[in-house]
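Working notes for the structure below.
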Protein chains: 4
Amino acid sequence: MKRESREMADALRIGIVGASGYVGGELLRILINHPNVKVTLATSKQYKDEVIYRVHPNLRSFTDLKFSEPNIDALTSNCDFVFTAVPHGSAVKIVPQLLKTGLKIVDMSADYRLKDAKAYEHWYKFTHPQADLLETTVFGVPEIYGVQIKASKFVANPGCMAITSILALAPFVKAGLLDLEHIIVDSKIGSSGGGTKPTLATHHAERYGVVRPYKPVDHRHTAEIEQEMSRLAGREVKVSMTPHAINMVRGILCTIHTFTNSKLDTPVVWKTLREFYRDAPFVRFVKDKKGISRYPDPKILSGSNFCDIGFETDERMNRLLLLSATDNLMKGAAGNGVQCMNLMLGLDERAGLSFPGLHPV
Amino acid sequence: MKRESREMADALRIGIVGASGYVGGELLRILINHPNVKVTLATSKQYKDEVIYRVHPNLRSFTDLKFSEPNIDALTSNCDFVFTAVPHGSAVKIVPQLLKTGLKIVDMSADYRLKDAKAYEHWYKFTHPQADLLETTVFGVPEIYGVQIKASKFVANPGCMAITSILALAPFVKAGLLDLEHIIVDSKIGSSGGGTKPTLATHHAERYGVVRPYKPVDHRHTAEIEQEMSRLAGREVKVSMTPHAINMVRGILCTIHTFTNSKLDTPVVWKTLREFYRDAPFVRFVKDKKGISRYPDPKILSGSNFCDIGFETDERMNRLLLLSATDNLMKGAAGNGVQCMNLMLGLDERAGLSFPGLHPV
Amino acid sequence: MKRESREMADALRIGIVGASGYVGGELLRILINHPNVKVTLATSKQYKDEVIYRVHPNLRSFTDLKFSEPNIDALTSNCDFVFTAVPHGSAVKIVPQLLKTGLKIVDMSADYRLKDAKAYEHWYKFTHPQADLLETTVFGVPEIYGVQIKASKFVANPGCMAITSILALAPFVKAGLLDLEHIIVDSKIGSSGGGTKPTLATHHAERYGVVRPYKPVDHRHTAEIEQEMSRLAGREVKVSMTPHAINMVRGILCTIHTFTNSKLDTPVVWKTLREFYRDAPFVRFVKDKKGISRYPDPKILSGSNFCDIGFETDERMNRLLLLSATDNLMKGAAGNGVQCMNLMLGLDERAGLSFPGLHPV
Amino acid sequence: MKRESREMADALRIGIVGASGYVGGELLRILINHPNVKVTLATSKQYKDEVIYRVHPNLRSFTDLKFSEPNIDALTSNCDFVFTAVPHGSAVKIVPQLLKTGLKIVDMSADYRLKDAKAYEHWYKFTHPQADLLETTVFGVPEIYGVQIKASKFVANPGCMAITSILALAPFVKAGLLDLEHIIVDSKIGSSGGGTKPTLATHHAERYGVVRPYKPVDHRHTAEIEQEMSRLAGREVKVSMTPHAINMVRGILCTIHTFTNSKLDTPVVWKTLREFYRDAPFVRFVKDKKGISRYPDPKILSGSNFCDIGFETDERMNRLLLLSATDNLMKGAAGNGVQCMNLMLGLDERAGLSFPGLHPV
């Protein structure tokens, strides 16, 4: 199954810093089958010198690569492009050095998602050391910042619940259709969103079957949603966000309760969505009157890079219910990161990403 | 294990009409171990003459009772009290007859929950044939209508998501603390809430792992919540409700996003809850700063009759986030029905119900 | 809900050493509602001074007890009976001291299950310091050693997969019906069987959905099964045992493939089972030709103390397929421990244990 | 995302008869991204004229194809190759007609798996109308019959549990290492293996969390295993097989307990496996001493075409424990079918199948 035989002489060389986490593993899964690139370095302090498939067992037979210790020189000489998939607070320590060498980078952490250094103090209790870099970093939503991403050397990949919410809200906030005082994001997420570190809260016997609100107020992804909605609205927008851990591993559903100032017709909603996402290969609209899959559902997105968006209008309440679903490791993380990489490298936006999810699973 | 040896000579005789569904099965489970009553009749058209444990396999060795066909005479002569657990639309056909015989009844269906016959036309597309009876029926929330239930011969048991929402909202609506224009109930429910009928939507391969909104607008339980909130507020209150089917069998979490007109202090919230639920044995408050169970979670309620209520205040948004959890078959259905029965029969409200949920499960 | 009002003046006082684990939590759940006893001490080094419901959240409102540090004097003066539910290897350090004070004890650990000190060296790589005590300890299977348990001051509670297997095999091994060279126990178990300690192997994202063999050869519970089968057969019996972790929290199914020397008729199997379990309130036979619950299944046993046993004869192979199911925390641990306690204290064997499992769940 | 733009002028045209089931859906998922073929016809009586993504929602945006009614003429004129994925008993009605037209076929049903028409009477209570065709049909295990499949026009795809068992057993039976009187296959399977038809047994509330033996004696897949093992052994071999439905959607683990006549060294086992599977791109060996994935586990195979094989030697019992895992819809059905198709069409055996499973999921 190894692709040694394949002619990859001109493949671009990719490094992944922090490749032993779930996002790192998903980057590896995608890039191993990507037609234009090859992974040359995968770093992990914890698993240094370990074969990759011992940590990511699904990749057995696909690569003989071993994890190496992160090293700027090795990255510089072996890679054309780097993903930094390190914990929040660690990216700021390596990204500037890597950028200096001319490497293009997508950072998967939260360290560069917010434009305003002060916001890091509020949401992350963290004094950001590189306010200048924040200003020039592109926020990696290809459906909104595609042009900028293509021209950029450094992109900050959004948070999983942030991008899932932003993609549902953006068309309507931009169109000025919503009551901006009452935007409620009620999200449901699987356990892979919490990373690889075992705790009592993630212990199977404790985590299985839960419907557990976590950070139900002041969740950090709120900051990204507010930043983008404020930009689209041209005024400050605040959002009420409450995530829940539920009994699945992959997937996010954002149920977004919004209200409209005037009566909203379904055709207007459709038109708003269609115009906004005219050229977005990974946004699909899901709203059906037949069958059992009438609304977006992460169940059918496992392993795929789509954000499915649906809606329902509630005339009684002037409520516009938005529903958006992603695989949190794909469009919510690694898949979107590769989509950004494709744009930054001048490749087809869809390269290595054009496969459906599994059903049933 | 059969309790034949036990002296139950003076036990009250209970009939269950529609005993082969999940609510019927849960009534049987509770009543088989209830200290003051015994089940004498359990009816089921579909499973006539079948032993009960073939349908409710957990009850094997606890009863030799067989399902019988529903029959007014048999119910009248063999029972002191009847639960009607038939499909919506069927209860109206038998309740009036049974009431005439002097039997006390708790109806588990939706047929008598709404006071206003017109509401049935709107929410159920159903012309209710007994508007008079609706007016005198007591809505079975013991924490609100305990006095009336004690004095009543006929109680309508609330919908599972309705009672779970009502118990969280009631104290705050009564206290006048909420912006009544923006009450959003986002609920998550297990598959047992949908009953026993297999369909493609409930097929394990299709239903497992979903986060599937269903009736995300105009769900019928909305009507009950609005009826009760309107009564408590003294004005019409509308509610935005969106349920989601998630990957569990038992349990409901209602995440209720409310907004306050003024800044709300946590002590005021506590005081409002404590005063409202001073004597409510099955309401518990769950809000912790340590451990992994900081908010209500149906996971720990399996098989128990509690409604756990918690909250969080979101100062940025003037949001009061209410969280309430139940086992949908217990406090959301059969357990609450037995609690009503206890009150109607002059028994200890807690009789047969004072056991904790399972953990872990 | 607290039972303070209840007259428990003459209740026997129970201590639980190691009460913060899942077995300790289940002992608490049972004993809190037991009609003849009350828990006076619950120890935990890790959670000293913590309220119990923070660790066992299902017990909120049922007890105000706090965990205390284990202390021989406190146990001696406050308890009539003690459960030791400490890790394997720790019980040997406290049991002898407690026994000296005259306390009756059920030990939930593996430390006293094997009669032969040498067996501990083989299976546990552990030099047992109390070979004498091993000889006089009663192995806590009430269905086999009921008389001895009643007369005993010290009982070793069996391993969860051991008792589930033993109860299925014992009648047939005793009756001399099986080919003793080919007994294969293939068991499937939920995550609660692994205890409370979080590891990568128990991390929800890793543990969810697995069918993971663990210790597929030489699992320690094999030793208990072999010990008991050898005793019943009057010769050395070895058993092939392979457990699998599967995607549930509670429950064990043991699929036991056995072979018979001669053709075996179904009536003989039934007779063998019925005679062996003539007076066993917690053993049920499950073998049906209708319905969907034709064989034992742990799904319907959650929270209950039954061992369900079923079988199928495979004429082509001379195979007698035995199937046995338990809730691993109940009949597989705490429930069986309380059943032993009941016998040791002269109470009704069923006291505090006569409730069915949940269905559906 | 649609591949209209792609140059597929010379793509081979594939028809799928019975495309609305789970195997049909998985064939579509694979073939939509296959580099050498395109699906031109997908038939379904039940869903005639329905767009495919309403039944297989994961395929939304990947195809605009609608289900058509099965029709020999349409298949003949629009297809170069056909998969028949109809219920058992239906394939015999269409395969002969299709073969006459010169179409190459892989039949996914059970109708042609057994060589011996009499075996159909025993295992399927079915008088097979085409004994001649049975003799010339190739049994579709590429790892055993690769040469024959390449040369064949008609291949019968094996049953999911059959192929998973056969791949583990074949090397050892062929090498003459096993006690052929005691081969026990204890398998665990997800709900997708049971097809799309909802019943009470597959109702989520009833099916979730089960460990439910089904057809624990005389399961039909036994016949295929025995057929192949008998051929490899050169004598009649019988197998004891017991499947269990467990709480997952995709995946099979076969735990195969075998016994050896003489002491078996681990290096011999390795050598036997390696020699048998020298050129098998979809068989991987999984046996590790580190990490949490030491044995085959279907968890990591979701969506992939591998059969992972592992083992453990049990010296005490002379037991050779074999473990094999597949995704039942992939290597257990559609994936293996496409692998056969690739061989029959002279394509790279791995075409369209060389992607890893998901982890975590």
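Letters A, B, ... mark the chains of the structure tokens in the order given; residue numbers begin at 1 per chain; ligand numbers begin at 1, in order shown.
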Residues of chain A at most 12 Å from chain C: nearest atom pair and distance in Å, only C-alpha atoms, as a tab-separated table:
```
residue	atom	partner	partner_atom	distance
A:Gly21	CA	C:Ala205	CA	11.8
A:Tyr22	CA	C:Ala205	CA	9.7
A:Val55	CA	C:Leu200	CA	10.6
A:His56	CA	C:Glu206	CA	10.6
A:Pro57	CA	C:Glu206	CA	10.8
A:Ile189	CA	C:Ala205	CA	11.9
A:Gly190	CA	C:Ala205	CA	8.3
A:Ser191	CA	C:Ala205	CA	5.5
A:Ser192	CA	C:Ala205	CA	5.5
A:Gly193	CA	C:Ala205	CA	9.0
A:Gly194	CA	C:Ala205	CA	8.9
A:Gly195	CA	C:Ala205	CA	8.5
A:Thr196	CA	C:Leu200	CA	7.6
A:Lys197	CA	C:Leu200	CA	7.3
A:Pro198	CA	C:His203	CA	5.3
A:Thr199	CA	C:Pro198	CA	5.5
A:Leu200	CA	C:Pro198	CA	5.6
A:Ala201	CA	C:Pro198	CA	8.6
A:Thr202	CA	C:His204	CA	5.5
A:His203	CA	C:His203	CA	5.0
A:His204	CA	C:His204	CA	4.3
A:Ala205	CA	C:Val249	CA	5.4
A:Glu206	CA	C:His204	CA	8.6
A:Arg207	CA	C:His204	CA	6.3
A:Tyr208	CA	C:His204	CA	7.0
A:Gly209	CA	C:Val249	CA	9.1
A:Val210	CA	C:His204	CA	11.2
A:Ala245	CA	C:His204	CA	11.2
A:Ile246	CA	C:His204	CA	10.9
A:Asn247	CA	C:Tyr208	CA	8.9
A:Met248	CA	C:Tyr208	CA	7.9
A:Val249	CA	C:Ala205	CA	5.4
A:Arg250	CA	C:Ala205	CA	8.5
A:Gly251	CA	C:Ala205	CA	11.8
A:Val361	CA	C:Gly209	CA	10.4
```
Output N, CA, C and O atoms of each residue in that selection to a file, as a CSV table (one decimal), in the first residue's frame.
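Result written to again_3.csv:
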```csv
chain,number,residue,atom,x,y,z
A,21,GLY,N,-1.0,14.3,18.0
A,21,GLY,CA,-2.4,14.6,18.4
A,21,GLY,C,-3.4,14.2,17.4
A,21,GLY,O,-3.0,13.7,16.3
A,22,TYR,N,-4.6,14.4,17.7
A,22,TYR,CA,-5.7,14.0,16.7
A,22,TYR,C,-5.7,14.8,15.5
A,22,TYR,O,-5.9,14.3,14.4
A,55,VAL,N,1.0,5.3,17.1
A,55,VAL,CA,0.1,6.3,17.7
A,55,VAL,C,-1.2,6.5,16.9
A,55,VAL,O,-2.3,6.7,17.4
A,56,HIS,N,-1.0,6.4,15.6
A,56,HIS,CA,-2.2,6.5,14.7
A,56,HIS,C,-2.3,5.2,14.0
A,56,HIS,O,-1.9,5.0,12.8
A,57,PRO,N,-3.0,4.2,14.6
A,57,PRO,CA,-2.9,2.9,14.2
A,57,PRO,C,-3.6,2.7,12.8
A,57,PRO,O,-3.3,1.7,12.1
A,189,ILE,N,-20.7,18.3,20.6
A,189,ILE,CA,-19.4,17.9,20.0
A,189,ILE,C,-19.0,16.6,20.6
A,189,ILE,O,-19.3,16.2,21.7
A,190,GLY,N,-18.2,15.9,19.7
A,190,GLY,CA,-17.7,14.6,20.1
A,190,GLY,C,-16.4,14.7,20.9
A,190,GLY,O,-15.8,15.7,21.0
A,191,SER,N,-15.9,13.5,21.4
A,191,SER,CA,-14.8,13.5,22.4
A,191,SER,C,-13.5,13.8,21.7
A,191,SER,O,-12.5,14.3,22.4
A,192,SER,N,-13.3,13.6,20.4
A,192,SER,CA,-12.1,13.9,19.8
A,192,SER,C,-11.7,15.4,19.8
A,192,SER,O,-10.5,15.7,19.7
A,193,GLY,N,-12.7,16.2,20.0
A,193,GLY,CA,-12.5,17.6,20.1
A,193,GLY,C,-11.6,18.0,21.3
A,193,GLY,O,-11.1,19.1,21.3
A,194,GLY,N,-11.6,17.2,22.3
A,194,GLY,CA,-10.9,17.5,23.5
A,194,GLY,C,-9.4,17.0,23.5
A,194,GLY,O,-8.7,17.2,24.5
A,195,GLY,N,-9.0,16.5,22.4
A,195,GLY,CA,-7.6,16.1,22.4
A,195,GLY,C,-7.3,14.7,23.0
A,195,GLY,O,-8.2,14.0,23.3
A,196,THR,N,-6.0,14.4,23.0
A,196,THR,CA,-5.6,13.0,23.4
A,196,THR,C,-5.3,12.8,24.9
A,196,THR,O,-5.0,11.7,25.2
A,197,LYS,N,-5.4,13.8,25.7
A,197,LYS,CA,-4.9,13.6,27.1
A,197,LYS,C,-6.0,13.0,27.9
A,197,LYS,O,-7.1,13.6,28.1
A,198,PRO,N,-5.8,11.9,28.5
A,198,PRO,CA,-6.8,11.2,29.3
A,198,PRO,C,-6.9,11.9,30.7
A,198,PRO,O,-6.0,12.3,31.3
A,199,THR,N,-8.2,12.1,31.1
A,199,THR,CA,-8.5,12.6,32.4
A,199,THR,C,-9.7,11.9,32.9
A,199,THR,O,-10.3,11.1,32.1
A,200,LEU,N,-10.1,12.2,34.1
A,200,LEU,CA,-11.3,11.5,34.6
A,200,LEU,C,-12.5,11.9,33.7
A,200,LEU,O,-13.4,11.1,33.5
A,201,ALA,N,-12.5,13.2,33.3
A,201,ALA,CA,-13.7,13.6,32.5
A,201,ALA,C,-13.8,12.9,31.1
A,201,ALA,O,-14.8,12.9,30.5
A,202,THR,N,-12.6,12.4,30.6
A,202,THR,CA,-12.7,11.7,29.3
A,202,THR,C,-12.6,10.2,29.5
A,202,THR,O,-12.6,9.5,28.5
A,203,HIS,N,-12.6,9.7,30.7
A,203,HIS,CA,-12.6,8.3,31.0
A,203,HIS,C,-13.8,7.7,30.4
A,203,HIS,O,-14.9,8.2,30.7
A,204,HIS,N,-13.7,6.6,29.6
A,204,HIS,CA,-14.9,6.1,28.9
A,204,HIS,C,-16.1,5.9,29.8
A,204,HIS,O,-17.2,6.3,29.5
A,205,ALA,N,-15.9,5.3,31.0
A,205,ALA,CA,-17.0,5.0,31.9
A,205,ALA,C,-17.7,6.3,32.3
A,205,ALA,O,-18.9,6.3,32.6
A,206,GLU,N,-17.0,7.4,32.4
A,206,GLU,CA,-17.5,8.7,32.8
A,206,GLU,C,-18.0,9.5,31.6
A,206,GLU,O,-19.0,10.3,31.7
A,207,ARG,N,-17.4,9.3,30.5
A,207,ARG,CA,-17.7,10.2,29.3
A,207,ARG,C,-18.8,9.6,28.4
A,207,ARG,O,-19.5,10.4,27.7
A,208,TYR,N,-18.9,8.3,28.4
A,208,TYR,CA,-19.9,7.6,27.6
A,208,TYR,C,-21.3,8.0,28.0
A,208,TYR,O,-21.6,8.0,29.2
A,209,GLY,N,-22.1,8.4,27.0
A,209,GLY,CA,-23.5,8.6,27.3
A,209,GLY,C,-23.8,10.0,28.0
A,209,GLY,O,-25.0,10.2,28.3
A,210,VAL,N,-22.8,10.8,28.1
A,210,VAL,CA,-23.1,12.1,28.8
A,210,VAL,C,-23.8,13.1,27.8
A,210,VAL,O,-23.8,12.9,26.6
A,245,ALA,N,-20.6,18.3,25.5
A,245,ALA,CA,-20.0,17.0,25.1
A,245,ALA,C,-21.0,15.9,25.0
A,245,ALA,O,-21.8,15.8,26.0
A,246,ILE,N,-21.1,15.3,23.9
A,246,ILE,CA,-22.1,14.2,23.8
A,246,ILE,C,-21.4,12.9,23.3
A,246,ILE,O,-20.2,12.9,23.1
A,247,ASN,N,-22.2,11.8,23.3
A,247,ASN,CA,-21.7,10.5,23.1
A,247,ASN,C,-21.3,10.1,21.7
A,247,ASN,O,-22.0,9.3,21.1
A,248,MET,N,-20.3,10.7,21.2
A,248,MET,CA,-19.7,10.4,19.9
A,248,MET,C,-18.3,10.8,19.9
A,248,MET,O,-17.9,11.5,20.8
A,249,VAL,N,-17.5,10.4,18.9
A,249,VAL,CA,-16.1,10.7,18.9
A,249,VAL,C,-15.9,11.9,18.0
A,249,VAL,O,-15.2,12.9,18.3
A,250,ARG,N,-16.4,11.8,16.8
A,250,ARG,CA,-16.2,12.9,15.8
A,250,ARG,C,-17.5,13.6,15.5
A,250,ARG,O,-18.6,13.0,15.5
A,251,GLY,N,-17.4,14.9,15.3
A,251,GLY,CA,-18.5,15.6,14.8
A,251,GLY,C,-18.9,16.8,15.7
A,251,GLY,O,-18.7,16.8,16.9
A,361,VAL,N,-22.3,4.7,9.8
A,361,VAL,CA,-21.1,4.5,10.7
A,361,VAL,C,-21.4,4.9,12.1
A,361,VAL,O,-22.4,5.6,12.3
```
Residues at most 9 Å from Leu65 in chain C, counting only C-alpha atoms, excluding those fewer than 4 positions away in the same chain, as a PyMOL selection string? chain C and resi 39-42+50-53
Enter the distance from CA of Phe67 in chain C to CA of Lys38 in chain C, in Å, rounded to one decimal.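 A separation of 15.1 Å between them.
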What lies within 8 Å of range 262-274 of chain D using only C-alpha atoms, ignoring chain neighbours under 6 positions off, as a VMD selection string? chain D and resid 171 to 172 175 313 315 318 320
Same residues, all heavy atoms, saved as a PDB file, in the first residue's frame:
```pdb
ATOM      1  N   PRO D 171      -4.136 -19.748   6.418  1.00  0.00           N
ATOM      2  CA  PRO D 171      -2.712 -20.118   6.435  1.00  0.00           C
ATOM      3  C   PRO D 171      -2.429 -21.310   7.348  1.00  0.00           C
ATOM      4  O   PRO D 171      -1.603 -22.163   7.023  1.00  0.00           O
ATOM      5  CB  PRO D 171      -2.039 -18.849   6.985  1.00  0.00           C
ATOM      6  CG  PRO D 171      -2.998 -17.742   6.700  1.00  0.00           C
ATOM      7  CD  PRO D 171      -4.364 -18.349   6.789  1.00  0.00           C
ATOM      8  N   PHE D 172      -3.134 -21.375   8.452  1.00  0.00           N
ATOM      9  CA  PHE D 172      -2.830 -22.405   9.444  1.00  0.00           C
ATOM     10  C   PHE D 172      -3.480 -23.739   9.092  1.00  0.00           C
ATOM     11  O   PHE D 172      -2.905 -24.797   9.344  1.00  0.00           O
ATOM     12  CB  PHE D 172      -3.249 -21.922  10.832  1.00  0.00           C
ATOM     13  CG  PHE D 172      -2.572 -20.631  11.171  1.00  0.00           C
ATOM     14  CD1 PHE D 172      -3.219 -19.407  11.020  1.00  0.00           C
ATOM     15  CD2 PHE D 172      -1.243 -20.632  11.563  1.00  0.00           C
ATOM     16  CE1 PHE D 172      -2.575 -18.224  11.276  1.00  0.00           C
ATOM     17  CE2 PHE D 172      -0.574 -19.447  11.837  1.00  0.00           C
ATOM     18  CZ  PHE D 172      -1.245 -18.225  11.678  1.00  0.00           C
ATOM     19  N   ALA D 175      -1.368 -25.120   6.341  1.00  0.00           N
ATOM     20  CA  ALA D 175      -0.083 -25.615   6.830  1.00  0.00           C
ATOM     21  C   ALA D 175      -0.241 -26.863   7.698  1.00  0.00           C
ATOM     22  O   ALA D 175       0.754 -27.439   8.131  1.00  0.00           O
ATOM     23  CB  ALA D 175       0.626 -24.508   7.614  1.00  0.00           C
ATOM     24  N   THR D 313      -0.280 -16.897  21.234  1.00  0.00           N
ATOM     25  CA  THR D 313      -0.139 -18.328  21.542  1.00  0.00           C
ATOM     26  C   THR D 313      -0.347 -18.533  23.031  1.00  0.00           C
ATOM     27  O   THR D 313       0.162 -17.779  23.860  1.00  0.00           O
ATOM     28  CB  THR D 313       1.255 -18.849  21.138  1.00  0.00           C
ATOM     29  OG1 THR D 313       2.243 -18.004  21.736  1.00  0.00           O
ATOM     30  CG2 THR D 313       1.419 -18.826  19.633  1.00  0.00           C
ATOM     31  N   GLU D 315       0.356 -21.193  25.621  1.00  0.00           N
ATOM     32  CA  GLU D 315       1.104 -22.438  25.822  1.00  0.00           C
ATOM     33  C   GLU D 315       0.402 -23.402  26.772  1.00  0.00           C
ATOM     34  O   GLU D 315       0.433 -24.612  26.577  1.00  0.00           O
ATOM     35  CB  GLU D 315       2.507 -22.126  26.355  1.00  0.00           C
ATOM     36  CG  GLU D 315       3.397 -21.523  25.291  1.00  0.00           C
ATOM     37  CD  GLU D 315       4.798 -21.256  25.821  1.00  0.00           C
ATOM     38  OE1 GLU D 315       5.224 -21.930  26.793  1.00  0.00           O
ATOM     39  OE2 GLU D 315       5.458 -20.357  25.272  1.00  0.00           O
ATOM     40  N   ASN D 318      -2.172 -25.193  24.600  1.00  0.00           N
ATOM     41  CA  ASN D 318      -1.895 -25.458  23.180  1.00  0.00           C
ATOM     42  C   ASN D 318      -2.892 -24.731  22.287  1.00  0.00           C
ATOM     43  O   ASN D 318      -3.329 -25.247  21.257  1.00  0.00           O
ATOM     44  CB  ASN D 318      -1.923 -26.957  22.873  1.00  0.00           C
ATOM     45  CG  ASN D 318      -0.601 -27.608  23.226  1.00  0.00           C
ATOM     46  OD1 ASN D 318       0.417 -26.921  23.389  1.00  0.00           O
ATOM     47  ND2 ASN D 318      -0.611 -28.922  23.364  1.00  0.00           N
ATOM     48  N   LEU D 320      -3.944 -21.673  19.858  1.00  0.00           N
ATOM     49  CA  LEU D 320      -3.511 -20.584  18.979  1.00  0.00           C
ATOM     50  C   LEU D 320      -4.723 -19.690  18.782  1.00  0.00           C
ATOM     51  O   LEU D 320      -5.689 -20.064  18.114  1.00  0.00           O
ATOM     52  CB  LEU D 320      -3.035 -21.128  17.624  1.00  0.00           C
ATOM     53  CG  LEU D 320      -2.718 -20.048  16.575  1.00  0.00           C
ATOM     54  CD1 LEU D 320      -1.557 -19.161  17.014  1.00  0.00           C
ATOM     55  CD2 LEU D 320      -2.400 -20.695  15.223  1.00  0.00           C
TER      56      LEU D 320
END
```
Quick one: everything within 7 Å of Lys287 in chain C, counting only C-alpha atoms, minus sequence neighbours fewer than 6 positions away in the same chain. Send it as a ChimeraX atom specification. /C:294-295,310-311
Mind dumping the selected residues with C-alpha atoms as a PDB file, in the first residue's frame?
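selection06.pdb, written as the output of this step:
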```pdb
ATOM      1  CA  ARG C 294     -33.809 -15.028  23.413  1.00  0.00           C
ATOM      2  CA  TYR C 295     -30.489 -15.309  25.170  1.00  0.00           C
ATOM      3  CA  GLY C 310     -28.923 -19.579  28.622  1.00  0.00           C
ATOM      4  CA  PHE C 311     -27.656 -22.192  26.241  1.00  0.00           C
TER       5      PHE C 311
END
```
Skip Ser68 in chain C itself and residues of its chain fewer than 2 positions away, then list as a list in words all residues within 7 Å of it, counting only C-alpha atoms.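 So, after excluding close chain neighbours, the residues are Ala42, Thr43, Ser44, Lys48, Asp49, Lys66 and Pro70 of chain C.
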Run DSSP on the backbone and grab whatever in range 96-311 of chain C lands in alpha helix (DSSP H); send it over as an MDAnalysis selection string. chainID C and resid 96:100 117:124 131:136 142:151 160:174 204:207 221:233 266:276
Non-local contacts of Asn261 in chain B (9 Å; only C-alpha atoms; under 6 positions in same chain excluded) as a ChimeraX atom specification: /B:177-179,318
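Taking only C-alpha atoms, the non-local environment of Glu228 in chain D within 9 Å (same-chain residues fewer than 3 positions away omitted) comprises Ile166, Ala170, Ala223, Glu224, Ile225, Arg231, Leu232, Ala233 and Val237 of chain D.
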Just list as a PyMOL selection string whatever in range 8-245 of chain D DSSP marks as strand (DSSP E or B). chain D and resi 12-17+37-43+51+66+68+81-84+104-107+138-139+154-156+178+184-189+203+211-213+240-245
